[in-house]
>>> print(open('upload-v9.cif').read())   # mmCIF, C-alpha atoms
data_start
loop_
_atom_site.label_atom_id
_atom_site.label_comp_id
_atom_site.auth_asym_id
_atom_site.auth_seq_id
_atom_site.Cartn_x
_atom_site.Cartn_y
_atom_site.Cartn_z
CA MET A 1 224.40 29.94 34.90
CA GLN A 2 224.47 26.17 34.92
CA LYS A 3 225.73 24.23 37.93
CA LEU A 4 226.63 20.60 38.44
CA PHE A 5 224.12 18.46 40.39
CA LYS A 6 224.37 14.87 41.64
CA VAL A 7 220.98 13.19 41.16
CA THR A 8 219.96 9.87 42.70
CA LEU A 9 217.10 8.15 40.90
CA GLY A 10 214.92 5.24 41.92
CA VAL A 11 213.77 2.75 39.29
CA ASP A 12 210.15 1.63 39.46
CA TYR A 13 208.50 -1.26 37.64
CA ALA A 14 204.76 -0.82 37.07
CA ALA A 15 204.44 1.58 40.04
CA ARG A 16 206.49 -0.62 42.40
CA ASP A 17 209.92 0.26 43.68
CA THR A 18 212.51 -2.21 42.40
CA GLY A 19 215.18 -1.09 44.86
CA ARG A 20 217.48 -0.23 41.95
CA ARG A 21 219.21 3.14 42.07
CA ILE A 22 220.96 5.21 39.43
CA THR A 23 223.25 8.10 40.32
CA MET A 24 224.34 10.62 37.71
CA CYS A 25 225.68 14.14 37.47
CA VAL A 26 223.96 16.67 35.23
CA ARG A 27 224.42 20.37 34.52
CA GLU A 28 221.35 22.57 34.95
CA THR A 29 220.35 25.94 36.36
CA ASP A 30 218.47 24.60 39.40
CA SER A 31 217.78 21.38 41.28
CA LEU A 32 214.30 20.80 39.82
CA SER A 33 215.59 21.14 36.26
CA ALA A 34 218.47 18.79 37.14
CA ALA A 35 216.03 16.17 38.46
CA ILE A 36 213.84 16.38 35.36
CA ARG A 37 216.82 16.13 33.02
CA ALA A 38 218.31 13.16 34.88
CA GLU A 39 214.97 11.33 34.81
CA SER A 40 214.63 11.96 31.09
CA LEU A 41 218.15 10.73 30.32
CA ALA A 42 217.82 7.62 32.50
CA ASP A 43 214.35 6.69 31.24
CA LYS A 44 215.74 6.41 27.70
CA ARG A 45 218.26 3.77 28.86
CA LEU A 46 215.90 1.47 30.74
CA ALA A 47 215.52 -2.09 29.44
CA ARG A 48 211.71 -2.03 29.55
CA PRO A 49 210.60 1.58 29.00
CA ALA A 50 206.96 0.55 28.60
CA VAL A 51 206.73 -0.51 32.26
CA GLU A 52 209.84 0.96 33.93
CA TYR A 53 210.48 4.58 34.83
CA THR A 54 212.67 6.61 37.16
CA HIS A 55 211.93 9.17 39.82
CA ALA A 56 214.32 11.55 41.57
CA ILE A 57 215.09 10.63 45.16
CA SER A 58 217.66 13.33 45.89
CA VAL A 59 219.41 16.20 44.17
CA THR A 60 222.60 17.65 45.61
CA PRO A 61 224.69 20.50 44.20
CA VAL A 62 228.29 19.46 43.56
CA VAL A 63 230.59 22.00 45.18
CA ARG A 64 234.25 21.94 44.34
CA SER A 65 236.58 23.17 47.02
CA THR A 66 239.06 25.72 45.72
CA ALA A 67 240.69 26.09 49.14
CA ALA A 68 242.45 22.73 48.77
CA ALA A 69 244.02 23.64 45.41
CA PRO A 70 246.75 25.99 46.74
CA ALA A 71 247.66 23.53 49.51
CA MET A 72 247.97 20.71 46.98
CA ALA A 73 250.18 22.86 44.73
CA MET A 74 252.50 23.74 47.65
CA ALA A 75 252.85 20.06 48.62
CA ALA A 76 254.05 19.10 45.14
#
>>> encode(input="upload-v9.cif", output="structure tokens")
Amino acid sequence: MQKLFKVTLGVDYAARDTGRRITMCVRETDSLSAAIRAESLADKRLARPAVEYTHAISVTPVVRSTAAAPAMAMAA
């Protein structure tokens, strides 16, 4: 079953951290697969793919709270 993960990526230029960050949400079965997929998607969009690449800094599962839904419906 696929889950939603928030992945923060760092952008490196020729093995040096540029300080740039990319955050994206991806659906995958586990956090490692989510990191790999996010890196792959982001690497394709970099301006200089010959010398720039991304690496995962953090991967967090996105959890949606269903407890708030009934309270929101009652307030309406």
>>> residues_around(input="upload-v9.cif", residues="Ile22 of chain A", least_positions_apart="5", cutoff="9 Å", atoms="all atoms listed in the file", output="list of chain:residue names")
A:Val7, A:Thr8, A:Leu9, A:Gly10, A:Val11, A:Ala42, A:Thr54
>>> write_last_selection(input="upload-v9.cif", atoms="C-alpha atoms", output="short mmCIF file (atom, residue, chain, number, x, y, z; two decimals), in the coordinates of the input")
data_model
loop_
_atom_site.label_atom_id
_atom_site.label_comp_id
_atom_site.auth_asym_id
_atom_site.auth_seq_id
_atom_site.Cartn_x
_atom_site.Cartn_y
_atom_site.Cartn_z
CA VAL A 7 220.98 13.19 41.16
CA THR A 8 219.96 9.87 42.70
CA LEU A 9 217.10 8.15 40.90
CA GLY A 10 214.92 5.24 41.92
CA VAL A 11 213.77 2.75 39.29
CA ALA A 42 217.82 7.62 32.50
CA THR A 54 212.67 6.61 37.16
#
>>> resolve_selection(input="upload-v9.cif", expression="the PyMOL selection byres ((chain A and resi 12-16) around 12)", output="ChimeraX atom specification")
/A:9-11,17-22,39,42-43,46-57
>>> atom_distance(input="upload-v9.cif", atom1="atom CA of Met1 of chain A", atom2="atom CA of Lys44 of chain A")
26.1 Å
>>> axis_aligned_box(input="upload-v9.cif", around="segment 3-19 of chain A", padding_each_side="4 Å", output="JSON")
{"center_x": 215.5, "center_y": 11.0, "center_z": 41.0, "size_x": 30.2, "size_y": 34.4, "size_z": 15.8}
>>> atom_distance(input="upload-v9.cif", atom1="atom CA of Ala35 of chain A", atom2="atom CA of Gln2 of chain A")
13.6 Å
